[in-house]
Amino acid sequence: MKIPVRLKVNGEIYDVVIAPYRTLVDVLREEIRLIGTKKGCDVGDCGACTVLLDGKPVNACLILAATVQDVEILTVEGLAANGKLHPLQEAFIKEGAVQCGFCVPGILMSLKALLDTNPTPTLEETKWAMAGNLCRCTGYTKMFKAVESATHRP
Ligand code: FES
Ligand code: FES
């Protein structure tokens with residue numbers, strides 16, 4: 001059985017007809033074709049699938065798409081505005097904080113949620129915000145530097 005589901009993603013409305021058990025990460029990637037959100041573990045461990053629901057970071061692999069019809073969903077594709085990258089994206093590029101890049105969409109979304117509520121986080125606060133996001137390449141140091149750079153913290 002499939003059901004109609006209406007999702008609001010990055011300010012756009014998407015109507016899809018899906019099985020009720022499908023997760024948000026799968027619907028974003030396979031139905032809406034927003035493939036910036038990555039699927040790593042599919043069990044809530046890696047954070048690669050992080051998106052914002054009404055501004056709060058969640059693991060999209062643990063959310064059924066049919067349950068989030070009334071919330072604003074923000075994915076990495078929605079970070080840039082008016083053709084301009086988000087300051088975090090610019091800082092990640094400037095500081096060389098991206099290697100393979102698989103973790104980066106999820107990390108950017110966790111960090112956006114942080115900066116939206118705390119524009120000048122301490123290093124400890126940044127680490128807490130990223131605690132649910134695993135990166136197997138960078139060792140995180142350049143990512144922390146990029147957050148400093150984005151927030152103009154010395
Ligand atoms: S794919 Fe969702 S937490 Fe790993
Ligand atoms: S840059 Fe490769 S997993 Fe983070």
# chains A, B, ... in the order shown; residues from 1 in each chain; ligands from 1
>>> residues_around(residues="Glu95 (chain A)", least_positions_apart="3", cutoff="7 Å", atoms="only C-alpha atoms", output="PyMOL selection string")
chain A and resi 91-92+142+145-146
>>> closest_atom_pairs(of="chain A", to="ligand 1", cutoff="7 Å", atoms="only C-alpha atoms and all ligand atoms", output="tab-separated table")
residue	atom	partner	partner_atom_place_in_ligand_line	distance
A:Lys38	CA	ligand 1	1 (S)	6.7
A:Lys39	CA	ligand 1	1 (S)	4.0
A:Gly40	CA	ligand 1	1 (S)	4.0
A:Cys41	CA	ligand 1	4 (Fe)	3.9
A:Asp42	CA	ligand 1	1 (S)	3.8
A:Val43	CA	ligand 1	3 (S)	5.6
A:Gly44	CA	ligand 1	3 (S)	3.3
A:Asp45	CA	ligand 1	3 (S)	4.4
A:Cys46	CA	ligand 1	4 (Fe)	3.8
A:Gly47	CA	ligand 1	3 (S)	3.9
A:Ala48	CA	ligand 1	4 (Fe)	5.2
A:Cys49	CA	ligand 1	2 (Fe)	4.5
A:Thr50	CA	ligand 1	2 (Fe)	6.7
A:Asn59	CA	ligand 1	2 (Fe)	4.9
A:Ala60	CA	ligand 1	2 (Fe)	5.8
A:Cys61	CA	ligand 1	2 (Fe)	4.3
A:Leu62	CA	ligand 1	2 (Fe)	6.6
>>> write_last_selection(atoms="N, CA and C atoms", output="PDB file, in the first residue's frame")
ATOM      1  N   LYS A  38      23.338  12.293   2.590  1.00  0.00           N
ATOM      2  CA  LYS A  38      23.968  10.982   2.363  1.00  0.00           C
ATOM      3  C   LYS A  38      23.410   9.926   3.304  1.00  0.00           C
ATOM      4  N   LYS A  39      23.507   8.676   2.859  1.00  0.00           N
ATOM      5  CA  LYS A  39      23.112   7.549   3.702  1.00  0.00           C
ATOM      6  C   LYS A  39      24.333   6.687   3.952  1.00  0.00           C
ATOM      7  N   GLY A  40      24.755   6.658   5.212  1.00  0.00           N
ATOM      8  CA  GLY A  40      25.927   5.849   5.560  1.00  0.00           C
ATOM      9  C   GLY A  40      25.482   4.580   6.234  1.00  0.00           C
ATOM     10  N   CYS A  41      25.242   4.663   7.542  1.00  0.00           N
ATOM     11  CA  CYS A  41      24.942   3.459   8.325  1.00  0.00           C
ATOM     12  C   CYS A  41      23.484   3.022   8.218  1.00  0.00           C
ATOM     13  N   ASP A  42      22.569   3.973   8.060  1.00  0.00           N
ATOM     14  CA  ASP A  42      21.122   3.703   8.008  1.00  0.00           C
ATOM     15  C   ASP A  42      20.554   3.263   9.354  1.00  0.00           C
ATOM     16  N   VAL A  43      21.322   3.452  10.428  1.00  0.00           N
ATOM     17  CA  VAL A  43      20.800   3.066  11.753  1.00  0.00           C
ATOM     18  C   VAL A  43      21.046   4.140  12.816  1.00  0.00           C
ATOM     19  N   GLY A  44      21.326   5.364  12.405  1.00  0.00           N
ATOM     20  CA  GLY A  44      21.452   6.435  13.390  1.00  0.00           C
ATOM     21  C   GLY A  44      22.818   6.592  14.024  1.00  0.00           C
ATOM     22  N   ASP A  45      23.838   5.984  13.456  1.00  0.00           N
ATOM     23  CA  ASP A  45      25.165   6.062  14.077  1.00  0.00           C
ATOM     24  C   ASP A  45      26.089   7.111  13.475  1.00  0.00           C
ATOM     25  N   CYS A  46      25.984   7.381  12.172  1.00  0.00           N
ATOM     26  CA  CYS A  46      27.057   8.135  11.500  1.00  0.00           C
ATOM     27  C   CYS A  46      26.755   9.615  11.284  1.00  0.00           C
ATOM     28  N   GLY A  47      25.518   9.996  11.240  1.00  0.00           N
ATOM     29  CA  GLY A  47      25.161  11.402  11.042  1.00  0.00           C
ATOM     30  C   GLY A  47      25.225  11.893   9.607  1.00  0.00           C
ATOM     31  N   ALA A  48      25.575  11.026   8.680  1.00  0.00           N
ATOM     32  CA  ALA A  48      25.692  11.467   7.282  1.00  0.00           C
ATOM     33  C   ALA A  48      24.355  11.959   6.721  1.00  0.00           C
ATOM     34  N   CYS A  49      23.274  11.483   7.304  1.00  0.00           N
ATOM     35  CA  CYS A  49      21.929  11.806   6.797  1.00  0.00           C
ATOM     36  C   CYS A  49      21.296  12.993   7.503  1.00  0.00           C
ATOM     37  N   THR A  50      22.090  13.740   8.273  1.00  0.00           N
ATOM     38  CA  THR A  50      21.515  14.818   9.094  1.00  0.00           C
ATOM     39  C   THR A  50      20.837  15.881   8.242  1.00  0.00           C
ATOM     40  N   ASN A  59      18.572  12.649  12.434  1.00  0.00           N
ATOM     41  CA  ASN A  59      19.050  11.641  11.501  1.00  0.00           C
ATOM     42  C   ASN A  59      17.878  11.228  10.606  1.00  0.00           C
ATOM     43  N   ALA A  60      17.968  11.567   9.331  1.00  0.00           N
ATOM     44  CA  ALA A  60      16.847  11.303   8.426  1.00  0.00           C
ATOM     45  C   ALA A  60      16.637   9.815   8.182  1.00  0.00           C
ATOM     46  N   CYS A  61      17.602   8.984   8.546  1.00  0.00           N
ATOM     47  CA  CYS A  61      17.415   7.538   8.393  1.00  0.00           C
ATOM     48  C   CYS A  61      16.539   6.964   9.499  1.00  0.00           C
ATOM     49  N   LEU A  62      16.294   7.745  10.540  1.00  0.00           N
ATOM     50  CA  LEU A  62      15.478   7.264  11.660  1.00  0.00           C
ATOM     51  C   LEU A  62      14.085   7.875  11.656  1.00  0.00           C
TER      52      LEU A  62
END
>>> residues_near_ligand(ligand="ligand 2", cutoff="10 Å", atoms="only C-alpha atoms and all ligand atoms", output="compact mmCIF listing (two decimals) with N, CA and C atoms, in the first residue's frame")
# COMPACT_ATOMS: atom_id res chain seq x y z
N GLY A 40 24.76 6.66 5.21
CA GLY A 40 25.93 5.85 5.56
C GLY A 40 25.48 4.58 6.23
N CYS A 46 25.98 7.38 12.17
CA CYS A 46 27.06 8.14 11.50
C CYS A 46 26.76 9.62 11.28
N ALA A 48 25.57 11.03 8.68
CA ALA A 48 25.69 11.47 7.28
C ALA A 48 24.36 11.96 6.72
N ALA A 97 38.64 21.88 4.67
CA ALA A 97 38.05 20.98 5.66
C ALA A 97 37.33 19.78 5.04
N VAL A 98 37.38 19.66 3.72
CA VAL A 98 36.68 18.57 3.04
C VAL A 98 37.70 17.63 2.42
N GLN A 99 37.56 16.33 2.70
CA GLN A 99 38.39 15.35 1.97
C GLN A 99 37.47 14.56 1.04
N CYS A 100 37.03 13.37 1.43
CA CYS A 100 36.13 12.66 0.50
C CYS A 100 34.79 13.36 0.39
N GLY A 101 34.37 14.03 1.47
CA GLY A 101 33.16 14.84 1.45
C GLY A 101 31.89 14.11 1.84
N PHE A 102 31.96 12.81 2.09
CA PHE A 102 30.73 12.05 2.35
C PHE A 102 30.02 12.54 3.61
N CYS A 103 30.78 12.90 4.62
CA CYS A 103 30.19 13.32 5.89
C CYS A 103 29.74 14.77 5.88
N VAL A 104 30.23 15.54 4.93
CA VAL A 104 30.15 17.01 5.02
C VAL A 104 28.72 17.56 4.98
N PRO A 105 27.83 17.05 4.13
CA PRO A 105 26.47 17.59 4.18
C PRO A 105 25.85 17.48 5.57
N GLY A 106 26.02 16.34 6.20
CA GLY A 106 25.45 16.15 7.54
C GLY A 106 26.12 17.06 8.56
N ILE A 107 27.43 17.20 8.46
CA ILE A 107 28.16 18.06 9.40
C ILE A 107 27.75 19.51 9.22
N ASN A 133 28.16 13.21 14.34
CA ASN A 133 28.61 13.14 12.95
C ASN A 133 30.01 12.53 12.89
N LEU A 134 30.12 11.43 12.20
CA LEU A 134 31.43 10.78 12.06
C LEU A 134 32.09 11.19 10.76
N CYS A 135 33.40 11.47 10.84
CA CYS A 135 34.21 11.73 9.65
C CYS A 135 35.40 10.79 9.71
N ARG A 136 35.59 10.02 8.65
CA ARG A 136 36.68 9.04 8.66
C ARG A 136 37.93 9.58 8.00
N CYS A 137 37.89 10.83 7.50
CA CYS A 137 39.03 11.34 6.74
C CYS A 137 39.82 12.43 7.46
N THR A 138 39.14 13.41 8.01
CA THR A 138 39.81 14.69 8.30
C THR A 138 40.44 14.79 9.67
N GLY A 139 39.99 13.99 10.63
CA GLY A 139 40.44 14.21 12.00
C GLY A 139 39.77 15.42 12.62
N TYR A 140 38.88 16.05 11.92
CA TYR A 140 38.02 17.13 12.42
C TYR A 140 38.72 18.48 12.60
N MET A 143 37.88 21.17 10.27
CA MET A 143 36.45 21.53 10.40
C MET A 143 36.26 22.50 11.56
>>> closest_residue(among="A:Thr141, A:Thr151, A:Gln69, A:Asn10", to="Leu115 (chain A)", atoms="only C-alpha atoms")
A:Thr151
>>> atom_distance(atom1="CA of Val16 (chain A)", atom2="CA of Glu31 (chain A)")
7.1 Å
>>> closest_atom_pairs(of="region 24-68 of chain A", to="region 72-85 of chain A", cutoff="9 Å", atoms="only C-alpha atoms", output="tab-separated table")
residue	atom	partner	partner_atom	distance
A:Leu28	CA	A:Thr75	CA	8.9
A:Leu34	CA	A:Glu77	CA	7.3
A:Ile35	CA	A:Glu77	CA	8.7
A:Gly36	CA	A:Val76	CA	6.1
A:Thr37	CA	A:Thr75	CA	6.6
A:Thr50	CA	A:Thr75	CA	8.0
A:Val51	CA	A:Thr75	CA	5.2
A:Leu52	CA	A:Leu74	CA	5.0
A:Leu53	CA	A:Ile73	CA	4.9
A:Asp54	CA	A:Glu72	CA	5.0
A:Gly55	CA	A:Leu74	CA	7.6
A:Val68	CA	A:Ile73	CA	8.2
>>> write_last_selection(atoms="C-alpha atoms", output="PDB file, in the first residue's frame")
ATOM      1  CA  LEU A  28      14.721  12.732  -0.174  1.00  0.00           C
ATOM      2  CA  LEU A  34      17.953  15.600  -3.510  1.00  0.00           C
ATOM      3  CA  ILE A  35      21.035  13.442  -3.171  1.00  0.00           C
ATOM      4  CA  GLY A  36      23.127  15.857  -1.106  1.00  0.00           C
ATOM      5  CA  THR A  37      21.880  14.131   2.032  1.00  0.00           C
ATOM      6  CA  THR A  50      21.515  14.818   9.094  1.00  0.00           C
ATOM      7  CA  VAL A  51      18.860  17.308   8.005  1.00  0.00           C
ATOM      8  CA  LEU A  52      17.042  20.016   9.932  1.00  0.00           C
ATOM      9  CA  LEU A  53      13.391  19.649  10.947  1.00  0.00           C
ATOM     10  CA  ASP A  54      12.088  23.040  12.001  1.00  0.00           C
ATOM     11  CA  GLY A  55      15.706  24.004  12.627  1.00  0.00           C
ATOM     12  CA  VAL A  68       7.108  15.004   8.932  1.00  0.00           C
TER      13      VAL A  68
END
>>> select_by_dssp(residues="region 26-119 of chain A", states="alpha helix (DSSP H)", output="number ranges by chain")
A: 26, 87-94, 104-117
>>> write_last_selection(atoms="C-alpha atoms", output="CSV table (one decimal), in the first residue's frame")
chain,number,residue,atom,x,y,z
A,26,ASP,CA,15.3,7.5,1.2
A,87,PRO,CA,29.4,31.1,5.4
A,88,LEU,CA,30.1,27.6,6.7
A,89,GLN,CA,30.4,26.2,3.2
A,90,GLU,CA,32.8,29.0,2.2
A,91,ALA,CA,34.8,28.4,5.4
A,92,PHE,CA,35.0,24.7,4.8
A,93,ILE,CA,36.4,25.4,1.3
A,94,LYS,CA,38.8,28.1,2.6
A,104,VAL,CA,30.2,17.0,5.0
A,105,PRO,CA,26.5,17.6,4.2
A,106,GLY,CA,25.5,16.1,7.5
A,107,ILE,CA,28.2,18.1,9.4
A,108,LEU,CA,27.2,21.3,7.7
A,109,MET,CA,23.6,20.8,8.8
A,110,SER,CA,24.6,20.1,12.4
A,111,LEU,CA,26.8,23.2,12.4
A,112,LYS,CA,24.1,25.4,10.9
A,113,ALA,CA,21.7,24.4,13.7
A,114,LEU,CA,24.4,25.3,16.2
A,115,LEU,CA,25.2,28.7,14.7
A,116,ASP,CA,21.5,29.6,14.3
A,117,THR,CA,21.2,29.4,18.1
>>> atom_distance(atom1="CA of Val58 (chain A)", atom2="CA of Thr126 (chain A)")
16.5 Å
>>> residues_around(residues="Pro4 (chain A)", least_positions_apart="2", cutoff="12 Å", atoms="only C-alpha atoms", output="ChimeraX atom specification")
/A:1-2,6-7,14-20,65-67,69
>>> write_last_selection(atoms="N, CA and C atoms", output="mmCIF file, in the first residue's frame")
data_model
loop_
_atom_site.group_PDB
_atom_site.id
_atom_site.type_symbol
_atom_site.label_atom_id
_atom_site.label_comp_id
_atom_site.auth_asym_id
_atom_site.auth_seq_id
_atom_site.Cartn_x
_atom_site.Cartn_y
_atom_site.Cartn_z
ATOM 1 N N MET A 1 0.835 -1.187 0.000
ATOM 2 C CA MET A 1 0.000 0.000 0.000
ATOM 3 C C MET A 1 0.878 1.249 0.000
ATOM 4 N N LYS A 2 0.488 2.231 -0.772
ATOM 5 C CA LYS A 2 1.203 3.502 -0.787
ATOM 6 C C LYS A 2 0.256 4.610 -0.369
ATOM 7 N N ARG A 6 2.928 14.871 1.539
ATOM 8 C CA ARG A 6 3.385 16.190 1.087
ATOM 9 C C ARG A 6 4.506 16.662 2.007
ATOM 10 N N LEU A 7 5.651 16.939 1.418
ATOM 11 C CA LEU A 7 6.801 17.389 2.202
ATOM 12 C C LEU A 7 7.211 18.783 1.759
ATOM 13 N N TYR A 14 6.762 19.238 -2.153
ATOM 14 C CA TYR A 14 6.906 18.027 -2.973
ATOM 15 C C TYR A 14 5.799 17.050 -2.577
ATOM 16 N N ASP A 15 5.045 16.603 -3.556
ATOM 17 C CA ASP A 15 4.029 15.575 -3.323
ATOM 18 C C ASP A 15 4.564 14.248 -3.842
ATOM 19 N N VAL A 16 4.561 13.265 -2.958
ATOM 20 C CA VAL A 16 5.059 11.949 -3.352
ATOM 21 C C VAL A 16 4.043 10.903 -2.912
ATOM 22 N N VAL A 17 4.078 9.761 -3.544
ATOM 23 C CA VAL A 17 3.224 8.641 -3.143
ATOM 24 C C VAL A 17 4.167 7.500 -2.772
ATOM 25 N N ILE A 18 4.148 7.162 -1.494
ATOM 26 C CA ILE A 18 5.185 6.256 -0.986
ATOM 27 C C ILE A 18 4.594 5.237 -0.016
ATOM 28 N N ALA A 19 5.333 4.172 0.186
ATOM 29 C CA ALA A 19 4.974 3.226 1.244
ATOM 30 C C ALA A 19 5.197 3.914 2.587
ATOM 31 N N PRO A 20 4.309 3.685 3.552
ATOM 32 C CA PRO A 20 4.393 4.419 4.820
ATOM 33 C C PRO A 20 5.653 4.126 5.629
ATOM 34 N N ALA A 65 9.203 9.354 6.558
ATOM 35 C CA ALA A 65 8.858 10.557 5.792
ATOM 36 C C ALA A 65 7.411 10.977 6.032
ATOM 37 N N ALA A 66 6.532 10.007 6.195
ATOM 38 C CA ALA A 66 5.108 10.326 6.345
ATOM 39 C C ALA A 66 4.815 11.066 7.644
ATOM 40 N N THR A 67 5.756 11.041 8.588
ATOM 41 C CA THR A 67 5.505 11.682 9.889
ATOM 42 C C THR A 67 5.965 13.128 9.935
ATOM 43 N N GLN A 69 5.171 15.725 7.692
ATOM 44 C CA GLN A 69 4.476 16.514 6.664
ATOM 45 C C GLN A 69 4.201 17.941 7.110
#
